[in-house]
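J.: This is the structure, below, for whatever I ask next.
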Amino acid sequence: MNKVIEVDNKDTAVDNKDYLQINIDTTITLQQKLLDRYLEELAQMPEGTVSQKSINGKKYYFRCFKKGSQYCQEYIKKSDLELASQLICKQYLTKSIKLLQADIETLKRATKEYKPFFAKDVIGRMVFGDEIDTFQDKKMMIKEWANSPFEKCTLYPENRIHTSYLGLKLRSKSEALIAGILELNQVSFQYEAKLQLGENEYFPDFTLMRPKDGKIIYWEHFGMTQSDSYFESMMRKYFNYLRNGIIPWQNFIMTFDNEEGAMDASLIQDILNAFILS
């Protein structure tokens, strides 16, 4: 079986190339180089540590070191502040080295336990080869259909002033809302694609290909039904759709603006769940 389920870029794993493993290996390499440099610098630092005391608002630095079995403290004179600077740098290096060593060990343990996900490996252990192939064929068919060129409505392009979630320009706020929810649900569609019904030419708002069966679904949103001329045009279109086998809730969805000229996003999602995604 040669076909492999495609993994979308939004997924957390990418087939054929394990980016997480690459990032971990790169991080370990960079951290190890930094650790080696810090260890080399630390070896050149003077003996002891530095402490600071404030006396009457003034800061004084002391070098702390061990002499035999006793701990000693020695005042650092102003003429030798370079020593204080080196000891402060030594403190930074010491703390950084501990953190780097701990991080590198943690990452190395993680790489031993981590098992990267590859879709092809999962499919290779499954017995449902034909079903996977059918699923993949359908997915590829919908993807190719969505990306194929189609004849669009060219009337009044200046009216496309509303923008969907992914940047598509549409003619109304409600259409932009529908398009955005379709996009968020990863439902492929064509906007205002030409539909020839006998001698009549239409451009439905949305033409969808239903994921579960590849069936073409038309979606018209009617937003100006209070206008008599718009209502009459809508009804002529509706009856012509019916005469040509485009039937509500079989292959045709109709939605309408409410009295305030708006639309409920939750209703769009409910329609998708019931009719397109189920």
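By convention here, the chains of the structure tokens are called A, B, ... in the order presented, each chain's residues are numbered starting at 1, and ligands are numbered starting at 1 in the order presented.
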As a PyMOL selection string, please: every residue in segment 64-229 of chain A that DSSP puts in helix (DSSP H, G or I).
T.: chain A and resi 78-113+119-124+129-147+157-159+173-184+228-229
J.: Can I get the selection written as a tab-separated table (two decimals), in the first residue's frame, with C-alpha atoms?
T.:
chain	number	residue	atom	x	y	z
A	78	LYS	CA	39.04	50.07	44.46
A	79	SER	CA	42.29	49.62	42.61
A	80	ASP	CA	41.40	45.96	42.03
A	81	LEU	CA	37.76	46.16	40.95
A	82	GLU	CA	38.65	44.08	37.90
A	83	LEU	CA	38.90	41.15	40.32
A	84	ALA	CA	35.34	41.81	41.52
A	85	SER	CA	34.16	41.92	37.91
A	86	GLN	CA	35.81	38.57	37.16
A	87	LEU	CA	34.30	36.96	40.24
A	88	ILE	CA	30.83	38.25	39.33
A	89	CYS	CA	31.33	36.79	35.84
A	90	LYS	CA	32.44	33.54	37.48
A	91	GLN	CA	29.21	33.42	39.47
A	92	TYR	CA	27.21	33.86	36.25
A	93	LEU	CA	29.20	31.11	34.51
A	94	THR	CA	28.75	28.71	37.43
A	95	LYS	CA	24.98	29.12	37.56
A	96	SER	CA	24.65	28.97	33.75
A	97	ILE	CA	26.72	25.79	33.52
A	98	LYS	CA	24.45	24.01	36.01
A	99	LEU	CA	21.35	25.00	34.03
A	100	LEU	CA	22.86	24.03	30.69
A	101	GLN	CA	23.99	20.64	32.00
A	102	ALA	CA	20.52	19.95	33.43
A	103	ASP	CA	18.79	21.02	30.19
A	104	ILE	CA	21.07	18.90	28.01
A	105	GLU	CA	20.48	15.83	30.18
A	106	THR	CA	16.72	16.41	30.11
A	107	LEU	CA	16.68	16.74	26.32
A	108	LYS	CA	18.80	13.60	25.91
A	109	ARG	CA	16.40	11.63	28.11
A	110	ALA	CA	13.48	12.99	26.10
A	111	THR	CA	14.98	11.82	22.80
A	112	LYS	CA	15.36	8.30	24.20
A	113	GLU	CA	11.69	8.12	25.27
A	119	ALA	CA	1.22	8.46	9.53
A	120	LYS	CA	2.72	5.91	7.14
A	121	ASP	CA	3.94	3.84	10.09
A	122	VAL	CA	0.45	3.76	11.61
A	123	ILE	CA	-1.15	2.83	8.30
A	124	GLY	CA	1.45	0.12	7.78
A	129	GLY	CA	-5.92	-0.70	3.57
A	130	ASP	CA	-8.83	-0.32	1.17
A	131	GLU	CA	-10.71	1.98	3.54
A	132	ILE	CA	-7.64	4.20	3.97
A	133	ASP	CA	-7.20	4.35	0.20
A	134	THR	CA	-10.85	5.29	-0.27
A	135	PHE	CA	-10.59	7.99	2.38
A	136	GLN	CA	-7.44	9.37	0.80
A	137	ASP	CA	-8.93	9.32	-2.71
A	138	LYS	CA	-11.95	11.28	-1.51
A	139	LYS	CA	-9.80	13.77	0.35
A	140	MET	CA	-7.60	14.33	-2.69
A	141	MET	CA	-10.66	14.67	-4.95
A	142	ILE	CA	-12.12	17.43	-2.74
A	143	LYS	CA	-8.76	19.19	-2.52
A	144	GLU	CA	-8.30	19.11	-6.30
A	145	TRP	CA	-11.88	20.32	-6.84
A	146	ALA	CA	-11.44	23.23	-4.41
A	147	ASN	CA	-8.21	24.32	-6.14
A	157	PRO	CA	-16.76	43.55	-8.05
A	158	GLU	CA	-16.69	46.84	-6.13
A	159	ASN	CA	-19.39	45.43	-3.82
A	173	LYS	CA	-21.41	40.64	6.31
A	174	SER	CA	-23.53	37.50	6.48
A	175	GLU	CA	-21.72	35.93	3.53
A	176	ALA	CA	-18.38	36.77	5.19
A	177	LEU	CA	-19.65	35.12	8.39
A	178	ILE	CA	-20.70	31.95	6.55
A	179	ALA	CA	-17.41	31.83	4.62
A	180	GLY	CA	-15.40	32.31	7.80
A	181	ILE	CA	-17.16	29.44	9.59
A	182	LEU	CA	-16.71	27.20	6.53
A	183	GLU	CA	-13.01	28.07	6.56
A	184	LEU	CA	-12.66	27.40	10.29
A	228	ASP	CA	-40.27	43.28	-3.23
A	229	SER	CA	-38.03	43.13	-6.31
J.: Which residues are near Lys215 of chain A? Cut-off 10 Å, only C-alpha atoms, ignore same chain within fewer than 2 positions. Put them as a PDB file with C-alpha atoms, in the first residue's frame.
T.:
ATOM      1  CA  ILE A 142     -12.119  17.427  -2.736  1.00  0.00           C
ATOM      2  CA  LEU A 208     -19.584  23.022  -1.453  1.00  0.00           C
ATOM      3  CA  MET A 209     -18.295  19.499  -1.852  1.00  0.00           C
ATOM      4  CA  ARG A 210     -19.477  17.522   1.171  1.00  0.00           C
ATOM      5  CA  PRO A 211     -16.495  15.725   2.778  1.00  0.00           C
ATOM      6  CA  LYS A 212     -18.248  12.459   3.642  1.00  0.00           C
ATOM      7  CA  ASP A 213     -19.481  11.634   0.117  1.00  0.00           C
ATOM      8  CA  ILE A 217     -24.183  21.234  -2.181  1.00  0.00           C
ATOM      9  CA  TYR A 218     -25.363  24.746  -3.073  1.00  0.00           C
ATOM     10  CA  GLN A 250     -30.972  17.389  -0.184  1.00  0.00           C
ATOM     11  CA  ASN A 251     -28.396  19.404  -2.100  1.00  0.00           C
ATOM     12  CA  ILE A 276     -22.244  18.930   5.928  1.00  0.00           C
TER      13      ILE A 276
END
J.: With distances taken over only C-alpha atoms, which of A:Lys115, A:Leu35, A:Tyr241, A:Glu74 is nearest to Thr49 of chain A?
T.: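 Result for the nearest residue to Thr49 of chain A: A:Glu74.
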J.: At what distance in Å, to one decimal, does atom CA of Tyr165 of chain A lie from atom CA of Leu20 of chain A?
T.: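 These atoms are spaced 28.9 Å apart.
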J.: Can you list every residue in segment 64-253 of chain A that DSSP puts in strand (DSSP E), as an MDAnalysis selection string?
T.: chainID A and resid 64:67 70:75 162:163 169:170 189:191 195:197 200:202 206:209 216:222 252:253
J.: Using N, CA and C atoms, can you export the residues from the last selection as a tab-separated table (two decimals), in the first residue's frame?
T.:
chain	number	residue	atom	x	y	z
A	64	CYS	N	35.64	35.86	48.69
A	64	CYS	CA	35.50	34.76	49.67
A	64	CYS	C	36.23	33.54	49.11
A	65	PHE	N	37.04	32.93	49.95
A	65	PHE	CA	37.80	31.77	49.50
A	65	PHE	C	38.10	30.87	50.69
A	66	LYS	N	38.51	29.67	50.37
A	66	LYS	CA	38.81	28.70	51.41
A	66	LYS	C	40.32	28.54	51.52
A	67	LYS	N	40.81	28.64	52.74
A	67	LYS	CA	42.24	28.48	53.01
A	67	LYS	C	42.40	27.35	54.02
A	70	GLN	N	39.51	26.52	56.59
A	70	GLN	CA	38.79	27.72	57.01
A	70	GLN	C	38.34	28.55	55.80
A	71	TYR	N	37.20	29.22	55.99
A	71	TYR	CA	36.69	30.13	54.97
A	71	TYR	C	37.17	31.54	55.31
A	72	CYS	N	37.72	32.21	54.33
A	72	CYS	CA	38.27	33.55	54.54
A	72	CYS	C	37.56	34.58	53.68
A	73	GLN	N	37.64	35.82	54.12
A	73	GLN	CA	37.02	36.93	53.38
A	73	GLN	C	38.05	38.05	53.28
A	74	GLU	N	38.20	38.57	52.06
A	74	GLU	CA	39.24	39.58	51.82
A	74	GLU	C	38.63	40.76	51.07
A	75	TYR	N	38.84	41.96	51.60
A	75	TYR	CA	38.28	43.17	50.98
A	75	TYR	C	38.95	43.41	49.63
A	162	HIS	N	-16.46	42.99	2.11
A	162	HIS	CA	-16.39	42.30	3.40
A	162	HIS	C	-15.39	41.15	3.29
A	163	THR	N	-14.69	40.87	4.37
A	163	THR	CA	-13.58	39.92	4.34
A	163	THR	C	-13.84	38.74	5.28
A	169	LYS	N	-12.81	38.06	-0.21
A	169	LYS	CA	-13.67	39.23	-0.31
A	169	LYS	C	-15.08	38.80	-0.73
A	170	LEU	N	-16.10	39.26	0.03
A	170	LEU	CA	-17.49	38.88	-0.23
A	170	LEU	C	-18.37	40.12	-0.24
A	189	PHE	N	-14.96	25.17	-0.49
A	189	PHE	CA	-16.09	25.78	-1.20
A	189	PHE	C	-15.58	26.68	-2.32
A	190	GLN	N	-16.49	26.97	-3.25
A	190	GLN	CA	-16.23	27.96	-4.30
A	190	GLN	C	-17.26	29.07	-4.14
A	191	TYR	N	-16.80	30.30	-4.21
A	191	TYR	CA	-17.69	31.45	-4.01
A	191	TYR	C	-18.13	32.01	-5.35
A	195	LEU	N	-23.26	28.42	-12.37
A	195	LEU	CA	-24.14	27.25	-12.41
A	195	LEU	C	-25.10	27.43	-13.58
A	196	GLN	N	-24.98	26.59	-14.59
A	196	GLN	CA	-25.83	26.69	-15.77
A	196	GLN	C	-27.01	25.73	-15.63
A	197	LEU	N	-28.22	26.28	-15.63
A	197	LEU	CA	-29.44	25.48	-15.54
A	197	LEU	C	-30.27	25.78	-16.78
A	200	ASN	N	-30.71	29.35	-18.21
A	200	ASN	CA	-30.47	30.30	-17.12
A	200	ASN	C	-29.09	30.10	-16.51
A	201	GLU	N	-28.48	31.20	-16.21
A	201	GLU	CA	-27.13	31.20	-15.62
A	201	GLU	C	-27.21	31.79	-14.21
A	202	TYR	N	-26.72	31.03	-13.24
A	202	TYR	CA	-26.74	31.50	-11.85
A	202	TYR	C	-25.33	31.44	-11.25
A	206	PHE	N	-22.40	29.99	-2.41
A	206	PHE	CA	-21.38	29.00	-2.07
A	206	PHE	C	-21.72	27.67	-2.73
A	207	THR	N	-20.72	27.08	-3.34
A	207	THR	CA	-20.83	25.72	-3.85
A	207	THR	C	-19.86	24.87	-3.04
A	208	LEU	N	-20.39	23.85	-2.35
A	208	LEU	CA	-19.58	23.02	-1.45
A	208	LEU	C	-19.45	21.61	-2.00
A	209	MET	N	-18.39	20.94	-1.61
A	209	MET	CA	-18.29	19.50	-1.85
A	209	MET	C	-18.28	18.84	-0.49
A	216	ILE	N	-22.09	17.53	-4.27
A	216	ILE	CA	-22.12	18.98	-4.45
A	216	ILE	C	-23.35	19.56	-3.75
A	217	ILE	N	-23.12	20.56	-2.92
A	217	ILE	CA	-24.18	21.23	-2.18
A	217	ILE	C	-24.12	22.73	-2.52
A	218	TYR	N	-25.29	23.30	-2.79
A	218	TYR	CA	-25.36	24.75	-3.07
A	218	TYR	C	-25.92	25.45	-1.84
A	219	TRP	N	-25.37	26.61	-1.56
A	219	TRP	CA	-25.79	27.39	-0.38
A	219	TRP	C	-26.06	28.82	-0.84
A	220	GLU	N	-27.31	29.23	-0.70
A	220	GLU	CA	-27.69	30.61	-1.02
A	220	GLU	C	-28.10	31.32	0.26
A	221	HIS	N	-27.55	32.51	0.44
A	221	HIS	CA	-27.97	33.34	1.57
A	221	HIS	C	-28.74	34.53	1.03
A	222	PHE	N	-29.97	34.71	1.53
A	222	PHE	CA	-30.84	35.79	1.08
A	222	PHE	C	-30.94	36.84	2.17
A	252	PHE	N	-29.28	21.51	-1.29
A	252	PHE	CA	-29.46	22.96	-1.31
A	252	PHE	C	-29.72	23.48	0.11
A	253	ILE	N	-28.97	24.49	0.51
A	253	ILE	CA	-29.14	25.14	1.81
A	253	ILE	C	-29.56	26.58	1.58
J.: How many Å lie between atom CA of Asp205 of chain A and atom CA of Ala193 of chain A, rounded to one decimal?
T.: 7.7 Å
J.: Out of A:Ile161, A:Leu34, A:Thr26, A:Ile76, which residue has the shortest atom-to-atom distance to Val50 of chain A when counting only C-alpha atoms?
T.: A:Ile76
J.: Please measure the separation of atom CA of Phe275 of chain A and atom CA of Glu192 of chain A, giving the value in Å to one decimal.
T.: 20.4 Å
